[in-house]
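Shown next: target-v9.txt, given as compact mmCIF, C-alpha atoms.
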# COMPACT_ATOMS: atom_id res chain seq x y z
CA MET A 1 3.59 -2.39 -7.29
CA ILE A 2 5.02 -4.16 -4.29
CA ILE A 3 5.08 -7.43 -2.89
CA PHE A 4 3.74 -5.10 -0.28
CA TRP A 5 5.27 -7.26 2.36
CA ILE A 6 7.80 -9.72 1.52
CA ALA A 7 10.24 -7.78 -0.57
CA VAL A 8 12.25 -4.73 0.09
CA VAL A 9 12.94 -4.70 -3.63
CA SER A 10 10.90 -1.74 -4.86
CA GLY A 11 8.43 0.92 -4.06
CA SER A 12 5.51 -1.35 -4.80
CA LEU A 13 6.72 -4.70 -5.84
CA LEU A 14 3.51 -6.64 -5.47
CA PHE A 15 2.13 -4.76 -8.41
CA GLY A 16 5.42 -4.23 -10.33
CA VAL A 17 5.59 -1.98 -13.34
CA TYR A 18 7.34 -3.61 -16.29
CA GLN A 19 5.45 -3.83 -19.60
CA VAL A 20 1.99 -4.62 -18.34
CA VAL A 21 -1.11 -4.72 -20.50
CA VAL A 22 -4.31 -2.91 -19.61
CA ALA A 23 -7.44 -5.01 -19.38
CA LYS A 24 -10.54 -2.96 -20.09
CA ARG A 25 -13.36 -3.65 -17.64
CA ARG A 26 -16.77 -2.20 -16.92
CA TYR A 27 -18.70 -3.03 -13.81
CA ASN A 28 -22.34 -3.43 -12.79
CA TRP A 29 -22.54 -2.67 -9.10
CA SER A 30 -26.17 -3.50 -8.39
CA LYS A 31 -25.91 -7.00 -9.90
CA LYS A 32 -22.58 -7.63 -8.21
CA TRP A 33 -23.79 -7.02 -4.69
CA GLN A 34 -26.80 -9.27 -5.25
CA ARG A 35 -24.85 -12.32 -6.44
CA ALA A 36 -21.88 -12.01 -4.07
CA SER A 37 -20.12 -14.97 -2.53
CA SER A 38 -16.89 -15.24 -0.57
CA ILE A 39 -14.56 -17.92 0.73
CA THR A 40 -16.76 -20.96 1.35
CA ALA A 41 -17.85 -21.19 4.98
CA MET A 42 -16.90 -24.26 7.02
CA ASP A 43 -19.14 -25.83 9.67
CA GLU A 44 -16.39 -26.44 12.19
CA LYS A 45 -14.59 -24.65 14.99
CA PRO A 46 -12.79 -21.41 14.15
CA ALA A 47 -9.17 -21.62 13.08
CA PHE A 48 -6.62 -20.37 15.58
CA GLY A 49 -2.99 -19.78 14.61
CA ALA A 50 -0.72 -21.55 12.19
CA THR A 51 -1.62 -25.13 13.18
CA ALA A 52 -5.32 -24.69 12.44
CA GLU A 53 -4.45 -22.77 9.29
CA GLN A 54 -2.37 -25.69 8.06
CA GLN A 55 -5.29 -28.07 8.65
CA ARG A 56 -8.09 -26.16 6.98
CA LYS A 57 -8.95 -26.66 3.33
CA TRP A 58 -7.71 -23.92 1.00
CA GLY A 59 -10.41 -21.53 -0.13
CA THR A 60 -12.50 -22.10 3.01
CA TRP A 61 -12.80 -19.96 6.09
CA THR A 62 -14.66 -20.24 9.38
CA PRO A 63 -15.59 -16.85 10.85
CA HIS A 64 -13.12 -16.15 13.64
CA PRO A 65 -14.20 -14.80 17.06
CA PHE A 66 -11.45 -12.17 17.11
CA VAL A 67 -12.72 -8.59 17.46
CA THR A 68 -10.43 -5.77 16.41
CA PRO A 69 -9.53 -3.68 19.47
CA VAL A 70 -11.03 -0.20 19.58
CA PRO A 71 -8.14 2.25 19.15
CA ALA A 72 -7.41 5.08 21.53
CA PRO A 73 -7.97 8.55 20.09
CA TYR A 74 -4.84 9.90 18.44
CA PRO A 75 -3.43 12.41 20.98
CA ASN A 76 -4.16 16.00 19.94
CA TRP A 77 -4.69 15.00 16.32
CA SER A 78 -5.49 17.88 13.94
CA VAL A 79 -6.24 17.79 10.22
CA SER A 80 -4.25 21.01 9.84
CA GLN A 81 -1.45 20.60 12.40
CA THR A 82 -0.50 16.91 12.77
CA LYS A 83 2.55 16.34 10.59
CA ALA A 84 3.24 13.20 8.59
CA LEU A 85 5.52 10.74 10.35
CA PRO A 86 9.07 11.05 8.98
CA TYR A 87 9.63 7.55 7.62
CA ARG A 88 13.10 7.18 6.10
CA PRO A 89 13.10 3.45 5.31
CA PHE A 90 16.54 3.02 3.83
CA LYS A 91 19.61 1.40 5.35
CA HIS A 92 23.32 1.35 4.67
CA ASN A 93 22.78 -2.00 2.97
CA TYR A 94 20.05 -3.58 0.89
CA PHE A 95 18.63 -7.10 1.01
CA VAL A 96 15.73 -8.79 -0.74
CA THR A 97 13.95 -10.24 2.26
CA MET A 98 10.79 -10.08 4.37
CA GLY A 99 10.64 -6.62 5.86
CA ILE A 100 7.64 -6.91 8.16
CA ARG A 101 7.23 -5.66 11.71
CA SER A 102 4.48 -6.25 14.25
CA MET A 103 1.94 -3.44 14.32
CA SER A 104 -0.15 -2.03 17.15
CA TRP A 105 -3.86 -1.99 16.35
CA ASP A 106 -3.92 1.70 17.28
CA ASP A 107 -1.62 2.34 14.31
CA TRP A 108 -3.55 0.50 11.59
CA ILE A 109 -4.37 3.71 9.67
CA GLU A 110 -2.16 6.80 9.91
CA LEU A 111 -3.68 10.16 8.93
CA ASP A 112 -2.02 13.58 9.10
CA ASN A 113 -2.22 17.15 7.84
CA GLU A 114 -1.65 15.99 4.27
CA TRP A 115 -5.10 14.35 4.34
CA PRO A 116 -6.86 17.30 2.60
CA GLU A 117 -4.32 17.27 -0.25
CA PHE A 118 -4.63 13.51 -0.71
CA HIS A 119 -8.41 13.69 -0.56
CA THR A 120 -8.52 16.42 -3.19
CA ARG A 121 -6.31 14.38 -5.52
CA LYS A 122 -8.41 11.28 -4.99
CA MET A 123 -11.61 13.17 -5.76
CA GLN A 124 -10.04 14.42 -8.99
CA ARG A 125 -9.10 10.86 -9.88
CA ILE A 126 -12.60 9.60 -9.16
CA GLN A 127 -14.03 12.18 -11.55
CA GLU A 128 -11.49 11.31 -14.24
CA ARG A 129 -11.34 7.50 -14.19
CA THR A 130 -13.05 5.90 -11.20
CA ASP A 131 -13.96 2.66 -13.02
CA LYS A 132 -10.25 1.99 -13.57
CA LEU A 133 -9.29 2.76 -9.99
CA ASN A 134 -11.99 1.12 -7.86
CA HIS A 135 -13.44 -2.34 -8.34
CA THR A 136 -14.86 -5.31 -6.43
CA GLU A 137 -15.24 -8.82 -7.81
CA PRO A 138 -18.39 -10.68 -6.65
CA CYS A 139 -16.38 -13.08 -4.48
CA ALA A 140 -14.96 -10.13 -2.52
CA VAL A 141 -18.27 -8.45 -1.65
CA PRO A 142 -18.48 -9.88 1.90
CA ALA A 143 -14.89 -8.77 2.52
CA VAL A 144 -15.67 -5.23 1.33
CA GLU A 145 -18.74 -5.10 3.58
CA GLU A 146 -16.57 -6.18 6.50
CA LEU A 147 -13.89 -3.65 5.58
CA VAL A 148 -16.44 -0.81 5.62
CA ASP A 149 -17.47 -1.85 9.12
CA GLU A 150 -13.89 -2.22 10.37
CA LEU A 151 -12.70 1.08 8.93
CA SER A 152 -15.69 3.14 10.05
CA ARG A 153 -15.42 1.86 13.63
CA TYR A 154 -11.68 2.46 13.65
CA LEU A 155 -11.71 5.95 12.13
CA THR A 156 -14.45 7.35 14.36
CA ALA A 157 -12.57 6.13 17.43
CA ARG A 158 -9.03 7.05 16.34
CA TYR A 159 -9.77 10.38 14.61
CA PRO A 160 -12.97 11.72 16.23
CA SER A 161 -12.26 15.28 15.08
CA LEU A 162 -12.43 14.11 11.45
CA PHE A 163 -14.99 11.27 11.41
CA LYS A 164 -18.16 10.93 13.45
CA PHE A 165 -21.27 8.75 13.48
CA THR A 166 -24.04 11.35 13.35
CA SER A 167 -26.75 8.68 13.58
CA PRO A 168 -26.77 4.87 13.43
CA GLY A 169 -25.13 3.77 10.19
CA ILE A 170 -24.43 7.34 9.05
CA MET A 171 -20.84 8.59 9.20
CA SER A 172 -19.85 12.18 8.50
CA ASN A 173 -16.54 13.73 7.55
CA LEU A 174 -16.31 16.83 9.72
CA HIS A 175 -13.73 18.50 7.46
CA THR A 176 -15.40 18.12 4.05
CA GLY A 177 -19.02 17.77 5.13
CA GLU A 178 -19.38 14.49 3.26
CA VAL A 179 -22.00 12.09 4.62
CA PHE A 180 -21.68 8.34 4.11
CA ASP A 181 -24.67 6.02 4.36
CA LEU A 182 -23.34 2.68 5.62
CA ARG A 183 -26.68 1.00 6.23
CA SER A 184 -28.74 1.30 3.02
CA ARG A 185 -28.86 -1.63 0.62
CA PRO A 186 -28.30 -1.49 -2.24
CA TRP A 187 -25.39 0.81 -1.48
CA LYS A 188 -25.91 4.44 -2.43
CA GLU A 189 -22.21 4.63 -3.30
CA ASP A 190 -19.66 2.05 -4.35
CA PRO A 191 -18.28 0.97 -0.96
CA MET A 192 -14.73 0.41 -2.20
CA THR A 193 -14.61 3.96 -3.56
CA MET A 194 -16.13 5.18 -0.32
CA CYS A 195 -13.37 3.54 1.73
CA GLY A 196 -10.79 5.11 -0.55
CA LYS A 197 -12.22 8.57 0.16
CA TRP A 198 -11.70 8.15 3.89
CA LEU A 199 -7.98 7.40 3.81
CA GLN A 200 -4.72 8.71 2.45
CA ASP A 201 -3.96 5.05 1.70
CA ASP A 202 -4.81 2.90 -1.28
CA LEU A 203 -6.51 -0.41 -0.45
CA ALA A 204 -6.25 -3.92 -1.86
CA ILE A 205 -8.20 -7.05 -0.90
CA MET A 206 -6.73 -10.51 -1.43
CA ILE A 207 -8.98 -13.59 -1.37
CA GLU A 208 -7.69 -17.14 -0.98
CA GLY A 209 -8.46 -19.58 -3.79
CA GLU A 210 -8.88 -23.35 -3.65
CA ASP A 211 -5.23 -23.67 -4.68
CA GLY A 212 -4.04 -21.80 -1.58
CA GLN A 213 -2.98 -18.79 -3.65
CA TYR A 214 -4.19 -15.30 -2.78
CA TYR A 215 -5.85 -13.34 -5.57
CA LEU A 216 -6.41 -9.61 -5.93
CA ARG A 217 -10.22 -9.41 -5.97
CA ALA A 218 -10.96 -5.82 -4.95
CA GLY A 219 -9.16 -2.54 -4.64
CA SER A 220 -9.22 1.22 -4.40
CA ILE A 221 -5.95 2.09 -6.11
CA MET A 222 -5.95 5.82 -6.81
CA LEU A 223 -2.45 7.07 -5.89
CA SER A 224 -0.25 4.12 -6.80
CA GLY A 225 2.25 5.94 -9.01
CA PHE A 226 3.60 2.96 -10.90
CA TRP A 227 0.92 0.25 -11.24
CA ARG A 228 -2.71 -0.07 -12.31
CA LEU A 229 -5.52 -2.05 -10.76
CA THR A 230 -6.76 -3.04 -14.21
CA ASP A 231 -3.48 -4.83 -14.90
CA LYS A 232 -3.37 -6.89 -11.72
CA LEU A 233 -7.03 -7.57 -10.89
CA ASN A 234 -7.72 -11.31 -10.40
CA MET A 235 -4.04 -12.24 -10.51
CA GLY A 236 -2.54 -14.44 -7.81
CA LEU A 237 0.44 -13.24 -5.82
CA ALA A 238 2.93 -15.26 -7.84
CA GLU A 239 1.62 -14.01 -11.19
CA ILE A 240 1.49 -10.44 -9.90
CA HIS A 241 5.19 -10.67 -9.22
CA THR A 242 6.30 -12.56 -12.29
CA SER A 243 4.23 -10.36 -14.62
CA GLY A 244 6.02 -7.38 -13.12
CA ASP A 245 9.52 -8.86 -13.51
CA VAL A 246 10.15 -8.54 -9.78
CA PRO A 247 13.85 -9.28 -9.16
CA HIS A 248 14.71 -12.51 -7.30
CA PHE A 249 11.07 -13.38 -6.67
CA ASP A 250 11.24 -17.11 -7.40
CA ALA A 251 14.58 -17.63 -5.67
CA LYS A 252 14.11 -15.56 -2.53
CA LEU A 253 10.47 -14.63 -2.00
CA LYS A 254 7.85 -16.96 -3.43
CA THR A 255 7.82 -19.83 -0.93
CA GLY A 256 8.08 -17.72 2.21
CA MET A 257 5.50 -15.22 0.98
CA GLU A 258 2.88 -17.85 0.16
CA ARG A 259 3.38 -19.58 3.50
CA PHE A 260 3.09 -16.28 5.35
CA PHE A 261 -0.21 -15.42 3.70
CA GLN A 262 -1.71 -18.84 4.31
CA ARG A 263 -0.80 -18.84 7.99
CA LEU A 264 -1.64 -15.26 8.89
CA SER A 265 -4.21 -15.18 11.71
CA PRO A 266 -6.71 -12.36 12.40
CA GLU A 267 -5.07 -11.53 15.73
CA ARG A 268 -1.84 -10.46 14.06
CA ALA A 269 -1.27 -7.21 12.16
CA VAL A 270 2.02 -6.26 10.52
CA ASN A 271 3.47 -3.42 8.50
CA ARG A 272 6.50 -2.60 6.40
CA ASN A 273 8.04 0.33 4.57
CA ASN A 274 9.79 0.73 1.24
CA TYR A 275 11.22 3.47 -0.94
CA PHE A 276 12.09 4.41 -4.49
CA ILE A 277 12.82 7.43 -6.65
CA GLN A 278 10.41 9.13 -9.06
CA THR A 279 11.49 11.49 -11.82
CA ASP A 280 8.27 13.53 -12.07
CA ASP A 281 6.01 15.24 -9.56
CA ASP A 282 2.61 13.52 -9.77
CA LEU A 283 1.65 11.63 -6.63
CA ALA A 284 -1.06 9.67 -8.44
CA TRP A 285 0.71 8.47 -11.58
CA SER A 286 4.35 8.69 -12.70
CA HIS A 287 4.03 9.85 -16.29
CA ALA A 288 7.76 9.24 -16.76
CA ILE A 289 7.08 5.52 -17.23
CA GLY A 290 4.36 6.13 -19.82
CA ASN A 291 0.82 7.36 -20.28
CA GLU A 292 -1.54 5.83 -17.73
CA ASP A 293 -3.65 4.40 -20.55
CA SER A 294 -0.76 2.99 -22.57
CA GLU A 295 -0.77 -0.74 -23.24
CA THR A 296 2.79 -0.99 -21.94
CA ILE A 297 4.58 1.00 -19.28
CA GLY A 298 8.08 0.89 -17.84
CA TRP A 299 11.28 2.76 -17.08
CA TYR A 300 12.43 2.23 -20.66
CA THR A 301 10.07 5.07 -21.68
CA ALA A 302 11.49 7.58 -19.18
CA GLU A 303 13.89 10.35 -20.10
CA ASP A 304 17.12 10.77 -18.16
CA ALA A 305 16.74 13.11 -15.21
CA ALA A 306 18.16 16.55 -16.00
CA GLY A 307 18.90 17.54 -12.42
CA VAL A 308 18.44 16.51 -8.82
CA GLU A 309 15.67 19.10 -8.37
CA GLN A 310 13.54 16.91 -10.63
CA LEU A 311 13.73 13.88 -8.32
CA LYS A 312 11.12 12.90 -5.77
CA PHE A 313 11.52 10.50 -2.86
CA ARG A 314 8.54 8.15 -2.84
CA SER A 315 8.01 5.85 0.12
CA GLU A 316 5.18 3.59 1.22
CA ARG A 317 4.01 2.55 4.64
CA GLN A 318 1.99 -0.63 4.16
CA SER A 319 -0.12 -2.61 6.61
CA LEU A 320 -1.37 -6.17 6.33
CA ARG A 321 -4.09 -7.92 8.31
CA ARG A 322 -6.70 -10.65 7.91
CA LEU A 323 -10.37 -9.83 8.43
CA PRO A 324 -11.87 -12.25 10.98
CA LYS A 325 -15.29 -12.86 9.41
CA SER A 326 -14.48 -13.22 5.71
CA GLY A 327 -10.86 -14.35 6.01
CA ALA A 328 -9.78 -11.83 3.37
CA ILE A 329 -6.37 -10.19 3.65
CA ILE A 330 -6.36 -6.39 3.57
CA PHE A 331 -3.46 -4.27 2.37
CA THR A 332 -3.28 -0.56 3.04
CA ILE A 333 -0.67 1.44 1.13
CA ARG A 334 0.09 4.97 2.33
CA THR A 335 2.45 6.94 0.09
CA TYR A 336 4.85 9.64 1.28
CA PHE A 337 6.08 11.95 -1.47
CA MET A 338 8.64 14.76 -1.24
CA PRO A 339 11.63 16.29 -3.03
CA ILE A 340 14.83 14.29 -2.71
CA THR A 341 16.55 17.57 -1.82
CA GLN A 342 14.39 17.76 1.31
CA ILE A 343 15.47 14.29 2.42
CA ALA A 344 19.11 15.15 1.80
CA GLN A 345 18.96 18.09 4.23
CA GLU A 346 18.34 15.73 7.15
CA PRO A 347 21.38 14.56 9.14
CA TYR A 348 22.71 11.12 8.16
CA CYS A 349 20.13 10.60 5.41
CA PRO A 350 22.39 11.33 2.40
CA ALA A 351 25.02 8.72 3.34
CA ARG A 352 22.46 6.12 4.35
CA LEU A 353 20.45 6.50 1.13
CA LEU A 354 23.63 6.54 -0.93
CA ASP A 355 24.89 3.32 0.66
CA GLY A 356 21.53 1.64 0.13
CA ILE A 357 21.53 2.52 -3.57
CA ARG A 358 25.10 1.29 -3.94
CA HIS A 359 23.99 -2.09 -2.61
CA TRP A 360 21.34 -2.55 -5.30
CA ASP A 361 22.44 -5.33 -7.63
CA LYS A 362 22.05 -5.14 -11.40
CA ASP A 363 18.51 -6.53 -11.45
CA VAL A 364 17.25 -4.31 -8.64
CA SER A 365 18.89 -1.24 -10.20
CA ALA A 366 17.17 -1.92 -13.52
CA TYR A 367 13.83 -2.53 -11.83
CA LYS A 368 14.07 0.70 -9.85
CA GLY A 369 15.14 2.73 -12.89
CA LEU A 370 18.52 3.78 -11.49
CA GLN A 371 19.92 4.29 -14.98
CA LYS A 372 17.51 7.20 -15.48
CA TYR A 373 18.45 9.23 -12.41
CA GLY A 374 21.63 7.70 -10.95
CA PRO A 375 24.03 10.01 -12.83
CA VAL A 376 22.54 13.06 -11.09
CA LEU A 377 21.48 11.51 -7.77
CA VAL A 378 24.64 9.66 -6.76
CA PRO A 379 27.05 12.65 -7.05
CA TYR A 380 24.54 14.82 -5.21
CA LEU A 381 24.24 12.36 -2.32
CA GLU A 382 28.02 11.99 -2.20
CA ALA A 383 28.42 15.74 -1.83
CA MET A 384 25.70 16.01 0.82
CA ALA A 385 27.13 13.05 2.76
CA LYS A 386 30.54 14.74 2.75
CA GLN A 387 28.98 17.91 4.17
CA ASP A 388 27.36 15.84 6.93
CA GLU A 389 30.69 14.25 7.80
CA GLU A 390 32.39 17.64 8.00
CA ARG A 391 29.69 18.69 10.49
CA GLY A 392 30.33 15.67 12.69
CA LYS A 393 27.38 13.68 11.32
CA GLY A 394 29.34 10.87 9.70
CA ARG A 395 28.41 7.20 9.48
CA ASP A 396 30.32 6.32 12.66
CA THR A 397 28.16 8.62 14.81
CA GLU A 398 24.76 7.53 13.50
CA LYS A 399 22.41 5.52 15.70
CA GLU A 400 20.34 2.92 13.87
CA ASN A 401 16.65 3.68 14.19
CA TYR A 402 14.90 2.03 11.22
CA PRO A 403 12.55 3.06 9.60
CA TRP A 404 13.14 6.66 10.73
Please, can you express the file's structure as structure tokens?
Amino acid sequence: MIIFWIAVVSGSLLFGVYQVVVAKRRYNWSKKWQRASSITAMDEKPAFGATAEQQRKWGTWTPHPFVTPVPAPYPNWSVSQTKALPYRPFKHNYFVTMGIRSMSWDDWIELDNEWPEFHTRKMQRIQERTDKLNHTEPCAVPAVEELVDELSRYLTARYPSLFKFTSPGIMSNLHTGEVFDLRSRPWKEDPMTMCGKWLQDDLAIMIEGEDGQYYLRAGSIMLSGFWRLTDKLNMGLAEIHTSGDVPHFDAKLKTGMERFFQRLSPERAVNRNNYFIQTDDDLAWSHAIGNEDSETIGWYTAEDAAGVEQLKFRSERQSLRRLPKSGAIIFTIRTYFMPITQIAQEPYCPARLLDGIRHWDKDVSAYKGLQKYGPVLVPYLEAMAKQDEERGKGRDTEKENYPW
């Protein structure tokens, strides 16, 4: 549900939630990996930067010589002690705009002491409904192969106390004891599901078509909360947004977003953050907007929040990069999930969140479901902001430090 990148309009605008229809799919992995094809290769010099990107033919890609830098080990990282980074990505105002920032390659994937909890929930989801959560179209197979290689090299370097190559092509998880065979073909395990097991993030792979549009061709979407892979698979970016009734997409987002995707080079990595409110407590799927298997889902099905204790603050830290060999664009979506009452205890947060919500226009408010929780959330934030001010933590003393 995000544009992931270009909009600060919702928690997950790219895969927006309004009245979407489930498409039932079943997959044959062995056949898929035998007949795979990707973006057509070009027999010419690699593309460098925006100028070369403008010149190449849509739907074609020349393998790029860029090699992802090996990250430094995360200092003193511990699966039990390293706390999640305290992203608080709301401001005193609210604009529908590109919200991207340059990203260090060391920070591509962020893991913390919530990893065991996320992993447990993902394993439950795999047992319950894996074919609806993990999928790869034939055209995305080379990109998935490349992603496995990129992630395994990154994780073993960045988090050596959690992931380790125990022999060539064999990676072990030192916390769970899981062993992943990365060399055998055919794959012993669906590689997209395998990647999903390694991270707290969900993953989406976008492949460029001959029309210059980027299409969702593969994903491991297990903890998305508000959108389903089966609804959005094989859609282009524009259709993903319009099918989800994303506010102001055509007027403010479409042209800039498409240009950004087309021109993104492998050397550049970016990220962004977003936030929204959830009225139930399931990280994986918000049942307030409907049963996960319902034909239609949306805020119109949700009951009004009874109290502020019911509300959860849901935020995403998303990264975007282009793989150099296949040319595919990779999204990672890490969700942060906590009681709104916890956020409101932090200095300056109540007033800042309150001001951001007050700047939502009618369309954004409807999209984010404000009518279902606003009557309990707004008075609560007002009261907490007043307490902050009485303690000398008013708006005039706050230092801007987005997204913290």
Could you list, as a ChimeraX atom specification, every residue within 12 Å of Glu346 of chain A, counting all atoms listed in the file and ignoring same-chain residues fewer than 6 positions away?
/A:86-88,340,352-353,381,384-385,387-388,393,404
Counting only C-alpha atoms, figure out which residue out of A:Asp245, A:Glu316, A:Glu210, A:Asp231 gets nearest to Thr335 of chain A.
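Among A:Asp245, A:Glu316, A:Glu210, A:Asp231, it is A:Glu316 that comes nearest to Thr335 of chain A.
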So, with all atoms listed in the file as the atoms that count, which of A:Ser104, A:Gln345, A:Asn234, A:Ser365 lies closest to Val70 of chain A?
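Between A:Ser104, A:Gln345, A:Asn234, A:Ser365, the residue approaching Val70 of chain A most closely is A:Ser104.
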Of the residues A:Leu253, A:Leu147, A:Ala284, A:Met206, which is the one nearest to Gln124 of chain A, using only C-alpha atoms?
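For Gln124 of chain A, the nearest of the candidates is A:Ala284.
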Of the candidates A:Ala251, A:Met171, A:Cys349, A:Val270, which shows the shortest atom-to-atom distance to Asp107 of chain A, using only C-alpha atoms?
A:Val270
Cut-off 8 Å around (10.9, 13.8, -9.7) with all atoms listed in the file: residues as a list in words:
Ile277, Gln278, Thr279, Asp280, Asp281, Glu309, Gln310, Leu311, Lys312, Phe313 and Pro339 of chain A
Which residue is closest to Pro75 of chain A? Choose from A:Ser243, A:Thr60, A:Ser161, A:Thr332 and count all atoms listed in the file.
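Counting all atoms listed in the file, the residue closest to Pro75 of chain A is A:Ser161.
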I'd like the interatomic distance between atom CA of Pro324 of chain A and atom CA of Arg185 of chain A, to a tenth of an Å.
22.6 Å
Shortest contact to Arg334 of chain A, candidates A:Asp201, A:Glu128, A:Glu117, A:Asp190, atoms counted only C-alpha atoms, goes to A:Asp201
Could you work out how far atom CA of Pro138 of chain A lies from atom CA of Arg183 of chain A, giving the answer in Å with one decimal?
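Atom CA of Pro138 of chain A lies 19.3 Å from atom CA of Arg183 of chain A.
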Two-atom distance - atom CA of Val308 of chain A, atom CA of Pro347 of chain A (Å):
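Going from atom CA of Val308 of chain A over to atom CA of Pro347 of chain A, I get 18.3 Å.
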Can you pull out the residues contacting Cys195 of chain A? Cut-off 8 Å, using only C-alpha atoms, and skip same-chain residues under 4 positions away; I want them as a PyMOL selection string.
chain A and resi 148+151+191+199+220
Skip Gly219 of chain A itself and residues of its chain fewer than 3 positions away, then list as JSON, numbers by chain all residues within 8 Å of it, counting all atoms listed in the file.
{"A": [133, 134, 135, 136, 192, 202, 203, 204, 205, 216, 229]}
Polymer residues at most 6 Å from segment 273-275 of chain A, all atoms listed in the file, same-chain spacing of 6 or more positions, as a ChimeraX atom specification
/A:11,89,314-317
Okay, now the selection with C-alpha atoms, as a short mmCIF file (atom, residue, chain, number, x, y, z; two decimals), in the frame of the given file?
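Result file again.cif:
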data_model
loop_
_atom_site.label_atom_id
_atom_site.label_comp_id
_atom_site.auth_asym_id
_atom_site.auth_seq_id
_atom_site.Cartn_x
_atom_site.Cartn_y
_atom_site.Cartn_z
CA GLY A 11 8.43 0.92 -4.06
CA PRO A 89 13.10 3.45 5.31
CA ARG A 314 8.54 8.15 -2.84
CA SER A 315 8.01 5.85 0.12
CA GLU A 316 5.18 3.59 1.22
CA ARG A 317 4.01 2.55 4.64
#
Hey, what's within 12 Å of Glu208 of chain A if we count only C-alpha atoms and toss same-chain stuff fewer than 2 positions away? As a ChimeraX atom specification, please?
/A:38-40,57-61,139-140,143,205-206,210-217,234-237,258,261-264,322,326-330
